[in-house]
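J.: Provided below: my_file.cif, containing mmCIF, C-alpha atoms and all ligand atoms.
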```cif
data_model
#
loop_
_atom_site.label_atom_id
_atom_site.label_comp_id
_atom_site.auth_asym_id
_atom_site.auth_seq_id
_atom_site.Cartn_x
_atom_site.Cartn_y
_atom_site.Cartn_z
CA MET Y 1 25.22 -0.56 -20.77
CA ASN Y 2 22.51 1.92 -20.02
CA HIS Y 3 19.78 0.82 -22.41
CA LEU Y 4 17.23 -1.87 -21.59
CA ARG Y 5 14.69 -3.17 -24.11
CA PHE Y 6 11.67 -4.97 -22.68
CA VAL Y 7 10.18 -7.10 -25.45
CA ASN Y 8 7.98 -10.11 -26.21
CA GLY Y 9 5.09 -9.23 -23.94
CA SER Y 10 2.02 -7.03 -23.59
CA ALA Y 11 2.69 -3.75 -21.85
CA ILE Y 12 0.03 -2.91 -19.27
CA LEU Y 13 -0.76 0.79 -19.72
CA PRO Y 14 -3.17 2.64 -17.40
CA ASP Y 15 -6.06 2.42 -19.88
CA ARG Y 16 -5.22 -0.48 -22.20
CA LEU Y 17 -2.94 -3.36 -23.08
CA LEU Y 18 -0.29 -2.78 -25.72
CA PRO Y 19 0.36 -6.19 -27.29
CA ASN Y 20 3.82 -7.09 -28.58
CA ALA Y 21 5.30 -4.02 -26.95
CA GLU Y 22 8.80 -2.68 -26.90
CA VAL Y 23 9.63 -0.57 -23.87
CA VAL Y 24 13.04 1.07 -24.02
CA CYS Y 25 14.66 2.45 -20.90
CA ASN Y 26 17.79 4.54 -20.65
CA ARG Y 27 19.64 5.73 -17.57
CA GLY Y 28 16.87 4.54 -15.30
CA LYS Y 29 14.03 6.22 -17.17
CA ILE Y 30 11.49 5.10 -19.73
CA GLU Y 31 12.53 6.41 -23.12
CA SER Y 32 9.95 4.94 -25.49
CA VAL Y 33 6.83 2.77 -25.39
CA GLU Y 34 5.62 1.39 -28.68
CA ARG Y 35 4.60 -1.67 -30.62
CA ALA Y 36 7.68 -3.73 -31.50
CA ARG Y 37 8.84 -3.29 -35.06
CA LYS Y 38 10.03 -6.23 -37.13
CA ARG Y 39 13.55 -4.91 -37.25
CA SER Y 40 14.29 -2.70 -34.31
CA ASN Y 41 17.26 -0.43 -34.50
CA SER Y 42 17.24 0.25 -30.78
CA LYS Y 43 20.25 -0.90 -28.90
CA GLY Y 44 20.57 -2.27 -25.42
CA GLN Y 45 20.15 -5.32 -23.30
CA ILE Y 46 17.03 -7.32 -24.15
CA ILE Y 47 14.66 -8.24 -21.33
CA ASP Y 48 12.41 -10.99 -22.64
CA ALA Y 49 8.92 -11.06 -21.14
CA GLU Y 50 8.45 -14.55 -22.63
CA GLY Y 51 4.91 -13.84 -23.78
CA GLY Y 52 3.79 -12.45 -20.43
CA PHE Y 53 3.28 -8.87 -19.31
CA ILE Y 54 5.44 -5.78 -18.95
CA ALA Y 55 3.81 -3.98 -16.01
CA PRO Y 56 4.56 -0.89 -13.95
CA GLY Y 57 6.06 -1.58 -10.51
CA TYR Y 58 3.53 -1.64 -7.69
CA ILE Y 59 3.18 1.15 -5.13
CA ASP Y 60 2.14 0.24 -1.59
CA ILE Y 61 1.10 3.05 0.74
CA HIS Y 62 0.00 0.83 3.66
CA VAL Y 63 2.47 -1.85 4.72
CA HIS Y 64 3.94 -2.83 8.08
CA GLY Y 65 6.66 -5.34 7.29
CA GLY Y 66 7.68 -8.67 5.81
CA ASP Y 67 10.20 -11.52 5.99
CA GLY Y 68 10.32 -11.31 9.78
CA ALA Y 69 10.81 -7.55 10.03
CA ASP Y 70 8.36 -4.83 11.06
CA PHE Y 71 9.11 -1.21 10.18
CA MET Y 72 8.53 -0.45 13.87
CA ASP Y 73 11.45 -2.68 14.93
CA GLY Y 74 13.52 0.48 14.79
CA THR Y 75 16.60 -0.73 12.91
CA VAL Y 76 17.83 0.03 9.40
CA GLU Y 77 18.28 -3.71 8.87
CA ALA Y 78 14.61 -4.36 9.62
CA VAL Y 79 13.53 -1.63 7.19
CA GLU Y 80 15.77 -3.02 4.47
CA THR Y 81 14.62 -6.61 5.05
CA ALA Y 82 10.93 -5.69 4.80
CA CYS Y 83 11.45 -3.51 1.72
CA ARG Y 84 13.44 -6.20 -0.06
CA ALA Y 85 10.76 -8.77 0.72
CA HIS Y 86 8.09 -6.58 -0.84
CA ALA Y 87 10.24 -5.89 -3.88
CA ARG Y 88 10.23 -9.63 -4.57
CA HIS Y 89 6.45 -9.37 -4.71
CA GLY Y 90 6.51 -6.54 -7.25
CA THR Y 91 6.44 -3.47 -5.00
CA THR Y 92 8.92 -0.92 -6.34
CA THR Y 93 7.76 2.10 -4.32
CA ILE Y 94 6.93 1.64 -0.66
CA PHE Y 95 5.61 3.76 2.20
CA PRO Y 96 6.65 2.08 5.48
CA THR Y 97 3.74 2.39 7.89
CA THR Y 98 3.78 3.04 11.64
CA THR Y 99 1.65 1.16 14.17
CA THR Y 100 0.59 2.48 17.55
CA GLY Y 101 3.57 2.89 19.87
CA SER Y 102 5.40 5.30 22.13
CA PRO Y 103 6.69 8.63 20.75
CA LYS Y 104 10.18 7.18 21.09
CA GLN Y 105 9.30 4.10 19.02
CA ILE Y 106 7.74 6.22 16.27
CA ALA Y 107 10.70 8.61 16.21
CA CYS Y 108 13.00 5.58 15.99
CA MET Y 109 10.99 4.15 13.09
CA LEU Y 110 11.27 7.46 11.22
CA GLU Y 111 15.00 7.61 11.91
CA SER Y 112 15.60 4.07 10.60
CA CYS Y 113 13.46 4.65 7.50
CA GLY Y 114 15.31 7.89 6.79
CA GLN Y 115 18.66 6.11 7.04
CA ALA Y 116 17.51 3.18 4.89
CA LYS Y 117 16.15 5.63 2.32
CA SER Y 118 19.49 7.36 1.96
CA ARG Y 119 21.45 4.08 1.93
CA GLY Y 120 19.31 2.99 -1.02
CA LYS Y 121 19.67 -0.76 -0.48
CA THR Y 122 16.01 -1.45 0.01
CA GLY Y 123 14.93 -2.96 -3.32
CA ALA Y 124 11.58 -1.21 -3.20
CA ARG Y 125 12.26 2.52 -3.10
CA ILE Y 126 11.11 4.33 0.05
CA ALA Y 127 9.16 7.34 -1.17
CA GLY Y 128 7.98 8.39 2.26
CA VAL Y 129 6.49 7.13 5.50
CA HIS Y 130 2.83 6.57 6.33
CA LEU Y 131 2.22 7.97 9.82
CA TYR Y 132 -0.62 5.56 10.58
CA GLY Y 133 -0.60 4.81 14.31
CA PRO Y 134 -0.85 6.15 17.02
CA TYR Y 135 -3.86 8.47 16.50
CA PHE Y 136 -6.60 5.82 16.49
CA ALA Y 137 -9.99 5.66 18.23
CA ALA Y 138 -9.91 3.42 21.31
CA ASP Y 139 -12.92 1.40 20.13
CA LYS Y 140 -11.40 0.79 16.66
CA VAL Y 141 -7.81 0.06 17.54
CA GLY Y 142 -7.97 -3.41 15.96
CA CYS Y 143 -4.85 -5.54 16.36
CA HIS Y 144 -2.66 -2.57 17.35
CA ALA Y 145 -1.48 -2.32 20.96
CA LEU Y 146 -4.14 -0.25 22.79
CA ASP Y 147 -1.74 1.44 25.20
CA GLY Y 148 0.24 2.82 22.25
CA ARG Y 149 -2.72 4.82 20.95
CA ARG Y 150 -3.52 8.42 21.82
CA SER Y 151 -5.08 11.64 20.54
CA PRO Y 152 -2.96 13.91 18.36
CA VAL Y 153 -0.86 16.55 20.12
CA GLU Y 154 0.78 19.20 18.01
CA GLU Y 155 4.10 19.14 19.83
CA GLU Y 156 4.42 15.40 19.07
CA TYR Y 157 3.33 15.23 15.43
CA GLU Y 158 5.16 18.36 14.39
CA ARG Y 159 8.38 16.59 15.39
CA TYR Y 160 7.46 13.71 13.06
CA PHE Y 161 6.49 16.04 10.22
CA ALA Y 162 9.75 17.97 10.64
CA THR Y 163 11.67 14.90 9.38
CA GLY Y 164 10.18 15.60 5.94
CA LEU Y 165 9.54 11.86 5.54
CA ILE Y 166 5.81 11.67 6.12
CA LYS Y 167 3.76 11.57 2.91
CA VAL Y 168 0.62 9.83 4.18
CA ALA Y 169 -0.93 10.80 7.52
CA THR Y 170 -3.76 9.03 9.34
CA CYS Y 171 -5.91 10.11 12.28
CA ALA Y 172 -9.36 9.06 13.50
CA ALA Y 173 -11.67 11.99 12.76
CA GLU Y 174 -13.54 11.95 16.08
CA LEU Y 175 -10.44 12.44 18.26
CA PRO Y 176 -9.86 15.79 19.97
CA GLY Y 177 -7.22 17.63 17.95
CA ALA Y 178 -7.98 15.73 14.72
CA GLU Y 179 -8.82 18.83 12.69
CA ALA Y 180 -5.58 20.58 13.63
CA PHE Y 181 -3.70 17.39 12.75
CA TYR Y 182 -5.38 17.20 9.33
CA ARG Y 183 -4.56 20.86 8.64
CA ALA Y 184 -0.92 20.33 9.61
CA ALA Y 185 -0.70 17.21 7.42
CA LYS Y 186 -2.28 19.07 4.52
CA ARG Y 187 0.26 21.88 4.90
CA ARG Y 188 2.96 19.21 4.57
CA ARG Y 189 1.26 18.02 1.36
CA CYS Y 190 0.45 14.60 2.76
CA LEU Y 191 -2.33 12.34 1.59
CA VAL Y 192 -4.55 12.95 4.63
CA THR Y 193 -6.51 9.94 5.76
CA CYS Y 194 -9.01 8.81 8.39
CA GLY Y 195 -8.64 5.29 9.76
CA HIS Y 196 -9.23 3.09 12.80
CA SER Y 197 -12.15 5.36 13.46
CA ASN Y 198 -15.80 5.26 14.47
CA ALA Y 199 -16.52 8.66 12.90
CA SER Y 200 -19.98 9.84 11.92
CA TRP Y 201 -20.87 11.65 8.70
CA THR Y 202 -20.72 15.00 10.50
CA GLU Y 203 -17.23 14.28 11.82
CA MET Y 204 -16.14 13.12 8.36
CA GLN Y 205 -17.43 16.33 6.82
CA GLN Y 206 -15.44 18.40 9.33
CA ALA Y 207 -12.39 16.26 8.60
CA PHE Y 208 -12.92 16.72 4.87
CA ASP Y 209 -13.09 20.49 5.33
CA ALA Y 210 -9.73 20.26 7.14
CA GLY Y 211 -8.13 18.37 4.22
CA MET Y 212 -8.87 14.67 4.82
CA ARG Y 213 -9.30 12.86 1.45
CA HIS Y 214 -8.77 9.13 2.07
CA VAL Y 215 -9.96 6.30 4.31
CA ASP Y 216 -7.71 3.39 5.31
CA HIS Y 217 -8.67 -0.23 4.51
CA PHE Y 218 -12.35 0.12 3.59
CA TRP Y 219 -14.70 -1.91 5.87
CA CYS Y 220 -11.88 -2.76 8.29
CA ALA Y 221 -11.65 -0.92 11.64
CA MET Y 222 -14.01 1.77 10.38
CA SER Y 223 -17.48 3.02 11.25
CA SER Y 224 -20.76 1.71 9.87
CA VAL Y 225 -24.34 2.88 10.34
CA PRO Y 226 -24.90 0.34 13.20
CA SER Y 227 -21.61 1.27 14.92
CA ILE Y 228 -22.55 4.96 14.80
CA ARG Y 229 -25.97 4.16 16.19
CA GLN Y 230 -24.30 2.40 19.11
CA ARG Y 231 -22.03 5.37 19.72
CA LEU Y 232 -24.40 8.28 19.11
CA GLY Y 233 -27.94 6.85 19.26
CA VAL Y 234 -30.83 7.72 16.96
CA PRO Y 235 -31.64 9.00 14.42
CA MET Y 236 -29.30 6.62 12.67
CA GLN Y 237 -26.50 8.50 10.97
CA ALA Y 238 -24.29 7.88 7.99
CA SER Y 239 -20.76 6.60 8.54
CA MET Y 240 -17.34 6.63 6.91
CA ALA Y 241 -18.59 4.14 4.31
CA GLU Y 242 -21.39 6.38 3.01
CA PHE Y 243 -19.08 9.37 3.09
CA VAL Y 244 -16.53 7.67 0.82
CA LEU Y 245 -19.20 6.27 -1.50
CA MET Y 246 -20.93 9.63 -1.90
CA ASN Y 247 -17.98 12.04 -2.10
CA ARG Y 248 -16.13 11.81 -5.40
CA GLN Y 249 -13.06 13.54 -3.97
CA MET Y 250 -12.44 10.73 -1.50
CA SER Y 251 -10.29 7.70 -2.17
CA THR Y 252 -9.91 4.49 -0.21
CA GLU Y 253 -8.13 1.15 -0.30
CA VAL Y 254 -8.92 -2.55 0.02
CA ILE Y 255 -6.95 -5.45 1.48
CA ALA Y 256 -7.58 -7.90 -1.36
CA ASP Y 257 -5.93 -10.94 0.21
CA GLY Y 258 -9.10 -13.06 -0.02
CA CYS Y 259 -9.24 -13.31 3.78
CA HIS Y 260 -10.31 -9.82 4.84
CA LEU Y 261 -13.03 -9.23 2.23
CA ALA Y 262 -15.24 -11.64 0.28
CA PRO Y 263 -15.17 -11.42 -3.54
CA GLU Y 264 -18.49 -9.53 -3.70
CA LEU Y 265 -17.10 -6.78 -1.47
CA LEU Y 266 -14.07 -6.39 -3.72
CA GLU Y 267 -16.38 -6.21 -6.74
CA PHE Y 268 -18.65 -3.76 -4.89
CA ALA Y 269 -15.69 -1.50 -4.02
CA TYR Y 270 -14.39 -1.65 -7.58
CA LYS Y 271 -17.81 -0.92 -9.13
CA MET Y 272 -18.88 1.78 -6.68
CA ILE Y 273 -15.57 3.58 -6.21
CA GLY Y 274 -13.73 2.78 -9.44
CA PRO Y 275 -10.06 2.27 -10.32
CA GLU Y 276 -9.21 5.97 -10.09
CA ARG Y 277 -10.19 6.26 -6.42
CA LEU Y 278 -9.69 2.72 -5.16
CA LEU Y 279 -6.18 1.56 -4.22
CA LEU Y 280 -4.82 -1.85 -3.48
CA VAL Y 281 -2.65 -2.06 -0.38
CA THR Y 282 -1.05 -5.08 1.24
CA ASP Y 283 -1.33 -3.98 4.89
CA SER Y 284 1.18 -6.79 5.22
CA ASN Y 285 2.91 -7.57 8.50
CA ARG Y 286 6.20 -9.29 9.31
CA ALA Y 287 4.80 -12.79 8.64
CA LEU Y 288 4.98 -12.27 4.86
CA ASP Y 289 7.04 -15.17 3.44
CA LEU Y 290 7.40 -16.80 6.86
CA PRO Y 291 5.85 -20.10 7.98
CA PRO Y 292 2.68 -20.15 10.11
CA GLY Y 293 3.35 -19.24 13.73
CA ARG Y 294 3.15 -16.61 16.44
CA TYR Y 295 4.53 -13.16 15.65
CA ARG Y 296 4.44 -9.62 16.97
CA PHE Y 297 2.51 -6.91 15.14
CA GLY Y 298 4.47 -3.65 15.47
CA PRO Y 299 7.71 -3.33 17.47
CA ASP Y 300 9.50 -6.63 18.13
CA SER Y 301 10.01 -5.55 21.77
CA ASP Y 302 6.39 -5.03 22.80
CA GLY Y 303 4.07 -5.26 19.77
CA SER Y 304 0.85 -7.24 20.24
CA TRP Y 305 0.97 -10.96 19.44
CA PHE Y 306 -0.89 -12.52 16.55
CA GLU Y 307 -1.03 -15.91 14.91
CA SER Y 308 -0.33 -16.44 11.23
CA ASP Y 309 -2.03 -19.47 9.70
CA GLY Y 310 -0.10 -19.09 6.46
CA LYS Y 311 -2.90 -17.09 4.83
CA VAL Y 312 -3.66 -14.20 7.19
CA GLY Y 313 -2.92 -12.92 10.70
CA TRP Y 314 -5.31 -13.54 13.61
CA ALA Y 315 -5.49 -11.51 16.82
CA PRO Y 316 -6.02 -13.46 20.09
CA ASN Y 317 -9.65 -12.23 20.21
CA GLY Y 318 -10.42 -13.89 16.88
CA SER Y 319 -10.37 -10.75 14.73
CA LEU Y 320 -8.06 -10.33 11.75
CA ALA Y 321 -4.57 -8.95 12.39
CA SER Y 322 -3.66 -7.63 8.92
CA SER Y 323 -2.43 -9.50 5.88
CA ILE Y 324 0.66 -11.60 5.24
CA MET Y 325 0.56 -11.24 1.46
CA GLY Y 326 2.47 -9.20 -1.10
CA MET Y 327 0.98 -6.94 -3.76
CA ASP Y 328 1.30 -9.66 -6.41
CA HIS Y 329 -1.22 -11.71 -4.47
CA MET Y 330 -3.64 -8.77 -4.14
CA VAL Y 331 -3.48 -8.20 -7.90
CA ARG Y 332 -4.21 -11.87 -8.63
CA GLN Y 333 -7.07 -11.88 -6.12
CA MET Y 334 -8.67 -8.83 -7.79
CA ARG Y 335 -8.43 -10.64 -11.12
CA THR Y 336 -10.31 -13.69 -9.81
CA ALA Y 337 -12.79 -11.80 -7.64
CA THR Y 338 -13.82 -8.83 -9.78
CA SER Y 339 -14.88 -7.81 -13.26
CA ALA Y 340 -12.11 -5.17 -13.43
CA SER Y 341 -9.95 -5.20 -16.55
CA LEU Y 342 -6.27 -6.03 -16.18
CA PRO Y 343 -5.20 -2.42 -16.86
CA GLY Y 344 -7.78 -1.33 -14.25
CA ILE Y 345 -6.44 -3.76 -11.64
CA ILE Y 346 -2.82 -2.79 -12.25
CA ARG Y 347 -3.82 0.89 -12.10
CA MET Y 348 -5.18 0.38 -8.58
CA ALA Y 349 -1.75 -0.98 -7.54
CA SER Y 350 0.35 1.63 -9.33
CA LEU Y 351 -0.95 4.83 -10.91
CA THR Y 352 -3.84 5.45 -8.53
CA PRO Y 353 -1.66 5.35 -5.40
CA ALA Y 354 0.96 7.45 -7.23
CA GLU Y 355 -1.67 10.09 -8.02
CA ARG Y 356 -3.08 10.14 -4.52
CA VAL Y 357 0.30 10.64 -2.85
CA GLY Y 358 1.53 13.07 -5.51
CA ILE Y 359 4.33 11.07 -7.18
CA ALA Y 360 2.62 10.35 -10.50
CA ARG Y 361 5.00 12.62 -12.39
CA THR Y 362 7.85 10.15 -11.85
CA ALA Y 363 6.20 6.81 -11.00
CA GLY Y 364 3.08 4.70 -11.37
CA SER Y 365 2.87 3.81 -15.06
CA ILE Y 366 4.81 2.79 -18.13
CA THR Y 367 5.01 6.27 -19.56
CA VAL Y 368 7.86 8.03 -21.35
CA GLY Y 369 9.91 10.07 -18.90
CA LYS Y 370 8.95 8.16 -15.75
CA ARG Y 371 11.38 6.09 -13.72
CA ALA Y 372 11.97 2.60 -15.12
CA ASP Y 373 10.14 0.75 -12.33
CA ILE Y 374 9.04 -2.25 -14.34
CA LEU Y 375 7.86 -5.81 -13.67
CA ILE Y 376 7.85 -8.86 -15.86
CA LEU Y 377 4.75 -10.90 -15.01
CA ASP Y 378 3.79 -14.30 -16.38
CA ASP Y 379 0.30 -14.89 -17.77
CA ARG Y 380 -0.96 -15.77 -14.26
CA LEU Y 381 0.43 -12.49 -12.94
CA ASN Y 382 3.24 -14.09 -10.96
CA VAL Y 383 6.20 -11.73 -10.64
CA ARG Y 384 9.15 -12.98 -12.69
CA ARG Y 385 11.54 -10.04 -12.72
CA VAL Y 386 11.62 -6.67 -10.96
CA PHE Y 387 13.39 -3.49 -12.05
CA VAL Y 388 13.66 -0.37 -9.90
CA GLY Y 389 14.97 2.65 -11.77
CA GLY Y 390 16.21 0.32 -14.51
CA VAL Y 391 18.20 -1.84 -12.09
CA GLU Y 392 17.11 -5.42 -11.58
CA VAL Y 393 16.49 -6.40 -7.98
CA GLU Y 394 16.35 -9.92 -6.62
CA SER Y 395 13.81 -11.57 -8.87
CA GLY Y 396 10.24 -12.52 -8.21
CA VAL Y 397 8.77 -15.16 -5.97
CA SER Y 398 8.38 -18.60 -7.45
CA PRO Y 399 4.93 -20.16 -7.35
CA GLY Y 400 4.36 -22.50 -4.45
CA THR Y 401 5.57 -20.24 -1.65
CA ALA Y 402 3.17 -19.03 1.00
CA SER Y 403 2.42 -15.77 -0.71
CA THR Y 404 1.17 -17.39 -3.90
CA ALA Y 405 -1.14 -19.72 -1.99
CA ARG Y 406 -4.70 -19.49 -3.19
CA GLY Y 407 -7.97 -20.44 -1.62
CA LYS Y 408 -10.34 -19.42 1.09
CA CYS Y 409 -9.43 -18.61 4.64
ZN ZN N 501 -5.30 -0.88 10.15
ZN ZN N 502 -2.32 -1.53 8.77
#
```
Reformat the file's structure so that it appears as structure tokens.
Ligand SMILES: [Zn+2]
Ligand SMILES: [Zn+2]
T.:
Amino acid sequence: MNHLRFVNGSAILPDRLLPNAEVVCNRGKIESVERARKRSNSKGQIIDAEGGFIAPGYIDIHVHGGDGADFMDGTVEAVETACRAHARHGTTTIFPTTTTGSPKQIACMLESCGQAKSRGKTGARIAGVHLYGPYFAADKVGCHALDGRRSPVEEEYERYFATGLIKVATCAAELPGAEAFYRAAKRRRCLVTCGHSNASWTEMQQAFDAGMRHVDHFWCAMSSVPSIRQRLGVPMQASMAEFVLMNRQMSTEVIADGCHLAPELLEFAYKMIGPERLLLVTDSNRALDLPPGRYRFGPDSDGSWFESDGKVGWAPNGSLASSIMGMDHMVRQMRTATSASLPGIIRMASLTPAERVGIARTAGSITVGKRADILILDDRLNVRRVFVGGVEVESGVSPGTASTARGKC
């Protein structure tokens, strides 16, 4: 049977809720979205939302791993494990993200993601890779292995771009060669981003002129007015933060796990940047859905160690080492921490990332003609069922597991 009818729930559209909706899908695509009629003549298998929500699948453009696997482990199995873990948390489109590492490790990551993509057994659909590490600033490398970072060299990154997999490309704006990197990434139609950087306003403006339009995890591993003062002296200069807040063509993302950013910062980002330019990302590492303990961030052979306390990762020096939560958690955290409407919150986890990476024609919202990437959520926004292209994947995470844990860090 090709038809699916999602009923008995409110559909979450980009700009409003549609109560008592009927969403019909056929051959993996959304065929109609309307208010349910008393006597429907549509055929197909009924998917009962049980009074909850019919939501678009989430899109995560910044994610390192889950369920014990890091995308940098370099095997197809690791890629599939991490993707399936995130699908259980509502992510239906995923962009596996590199850490710092050797050229060989990054090439291996791309190779394994390419193979997993064509095997199509990943749950969450791989729509591309985020080339994140290795082009970070040495003073903003965060929990990534320092010896795996370097400045961009054309010969190296052109090999990565040639795979055709990279759709999001990060580089710190102050590095030698950054502008050429941004131009190359723009030519490849990537979302071009600046992250793990201590860039000044002037450097950001040059990066912007070369095509940079996004900043990774706002407030984390990025410059501030005091950090620029330390680097470049007086007069005090504006930083990445002011550049994003002032320039309406820039987008950014927050790690809304409740551990990286306090509620007022999430509300500030939402209010100042808005749901059309602010994305939710998980930035999740391999400890997602695993018990507290010691894990490697990045490749399992030589990635840097961190400690998961069951809520977040901690680097040995006491700084945060990325999140261990799925997108469902980020969505719930935004609902408790901010004044954003539910359609606005879901937009930041679906349509906004789709628009920024250029896949909004086929994904990102419950819209006729788009792929049937659909979630059934309960009224507390727990993921109950997950459909990718109209095919149900292993269902959602039951409340009570690590990733639905609430509370302060
Ligand atoms: Zn980072
Ligand atoms: Zn990250």
J.: Determine, for each residue of chain Y having at least one atom at most 7 Å from an atom of ligand ZN 501 (chain N), the closest pair of atoms and their separation in Å to one decimal, counting all atoms listed in the file; order by chain and ascending number, as CSV.
T.:
```
residue,atom,partner,partner_atom,distance
Y:Gly142,CA,N:ZN501,ZN,6.9
Y:His196,CA,N:ZN501,ZN,6.2
Y:Asp216,CA,N:ZN501,ZN,6.9
Y:His217,CA,N:ZN501,ZN,6.6
Y:Ala221,CA,N:ZN501,ZN,6.5
```
J.: Enumerate residues in contact with ligand ZN 502 (chain N): an atom-to-atom distance of at most 9 Å, counting only C-alpha atoms and all ligand atoms. Format the result as a list of chain:residue names.
T.: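 After applying the 9 Å limit, what remains is Y:His62, Y:Val63, Y:His64, Y:Thr97, Y:Thr98, Y:Thr99, Y:Tyr132, Y:Gly133, Y:Cys143, Y:His144, Y:Asp216, Y:His217, Y:Thr282, Y:Asp283, Y:Ser284, Y:Asn285, Y:Ala321, Y:Ser322, Y:Ser323.
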J.: Contacts of range 152-167 of chain Y at 10 Å or less, counting only C-alpha atoms, minus same-chain residues fewer than 2 places along, as a PyMOL selection string?
T.: chain Y and resi 61+95-97+103+106-107+110-111+113-114+117+126-132+134-136+149-150+169+171-172+175-182+184-186+188-192+357-358
J.: Pick out the closest residue to Ile346 in chain Y from this set: Y:Ser308, Y:Thr362, Y:Thr91, Y:Gln205. Count only C-alpha atoms.
T.: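 Distance minimum relative to Ile346 in chain Y lands on Y:Thr91.
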J.: Might you pull out every residue within 8 Å of Arg294 in chain Y, with only C-alpha atoms counted and same-chain residues fewer than 3 positions away left off, and present them as a PyMOL selection string?
T.: chain Y and resi 305-308
J.: Ranking Y:Tyr270, Y:Phe71, Y:Trp314, Y:Trp219 by minimum distance to Arg347 in chain Y and counting only C-alpha atoms, which one comes first?
T.: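 Closest to Arg347 in chain Y, using only C-alpha atoms: Y:Tyr270.
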J.: I'd like the neighbourhood of Arg332 in chain Y as a PyMOL selection string, where a residue qualifies if any of its atoms comes within 10 Å (using all atoms listed in the file), though same-chain residues fewer than 2 positions away should be ignored.
T.: chain Y and resi 256-258+327-330+334-337+342+345-346+380-382+404+406
J.: Print the selection's residues with C-alpha atoms to a file, as a compact mmCIF listing (two decimals), in the frame of the given file.
T.:
```
# COMPACT_ATOMS: atom_id res chain seq x y z
CA ALA Y 256 -7.58 -7.90 -1.36
CA ASP Y 257 -5.93 -10.94 0.21
CA GLY Y 258 -9.10 -13.06 -0.02
CA MET Y 327 0.98 -6.94 -3.76
CA ASP Y 328 1.30 -9.66 -6.41
CA HIS Y 329 -1.22 -11.71 -4.47
CA MET Y 330 -3.64 -8.77 -4.14
CA MET Y 334 -8.67 -8.83 -7.79
CA ARG Y 335 -8.43 -10.64 -11.12
CA THR Y 336 -10.31 -13.69 -9.81
CA ALA Y 337 -12.79 -11.80 -7.64
CA LEU Y 342 -6.27 -6.03 -16.18
CA ILE Y 345 -6.44 -3.76 -11.64
CA ILE Y 346 -2.82 -2.79 -12.25
CA ARG Y 380 -0.96 -15.77 -14.26
CA LEU Y 381 0.43 -12.49 -12.94
CA ASN Y 382 3.24 -14.09 -10.96
CA THR Y 404 1.17 -17.39 -3.90
CA ARG Y 406 -4.70 -19.49 -3.19
```
J.: Name the closest residue to Asp67 in chain Y among the candidates Y:Pro263, Y:Ala287, Y:Ser10, Y:Phe297; distances are taken between atoms, counting only C-alpha atoms.
T.: Y:Ala287
J.: Counting all atoms listed in the file, which of Y:Met240, Y:Ala269, Y:Val331, Y:Leu13 gets nearest to Thr193 in chain Y?
T.: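 The closest residue to Thr193 in chain Y is Y:Met240.
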J.: Just checking: using all atoms listed in the file, which residue out of Y:Pro299, Y:Leu232, Y:Lys121, Y:Glu392 ends up closest to Asp73 in chain Y?
T.: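 That would be Y:Pro299, the residue with the smallest distance to Asp73 in chain Y.
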J.: Calculated over only C-alpha atoms, which of the candidates Y:Arg88, Y:Lys370, Y:Lys29, Y:Lys43 has the smallest distance to Gly326 in chain Y?
T.: Y:Arg88
J.: Give as a ChimeraX atom specification every residue, naming chains and numbers as the document does, that has an atom within 6 Å of (-4.4, -2.0, -1.6), counting only C-alpha atoms.
T.: /Y:253-255,279-282
J.: Record the distance separating CA of Tyr58 in chain Y and CA of Val393 in chain Y, expressed in Å with one decimal.
T.: 13.8 Å
J.: Hey, can you check how far CA of Ala340 in chain Y sits from CA of Gly274 in chain Y?
T.: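 CA of Gly274 in chain Y lies 9.0 Å from CA of Ala340 in chain Y.
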J.: Interatomic distance between CA of Gly303 in chain Y and CA of Thr100 in chain Y?
T.: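 CA of Gly303 in chain Y sits 8.8 Å away from CA of Thr100 in chain Y.
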J.: Give me, as a CSV table (one decimal) with C-alpha atoms, keeping the file's coordinate frame, all polymer residues having an atom no more than 6 Å from Ile59 in chain Y, counting only C-alpha atoms and skipping those fewer than 3 positions away in the same chain.
T.:
```
chain,number,residue,atom,x,y,z
Y,91,THR,CA,6.4,-3.5,-5.0
Y,93,THR,CA,7.8,2.1,-4.3
Y,94,ILE,CA,6.9,1.6,-0.7
Y,349,ALA,CA,-1.8,-1.0,-7.5
Y,350,SER,CA,0.4,1.6,-9.3
```
J.: Which neighbours of Val391 in chain Y fall inside 12 Å, counting only C-alpha atoms, when residues of the same chain fewer than 6 positions from it are skipped, and could you give them as a VMD selection string?
T.: chain Y and resid 1 to 4 25 to 29 45 47 92 121 123 to 125 371 to 375 385
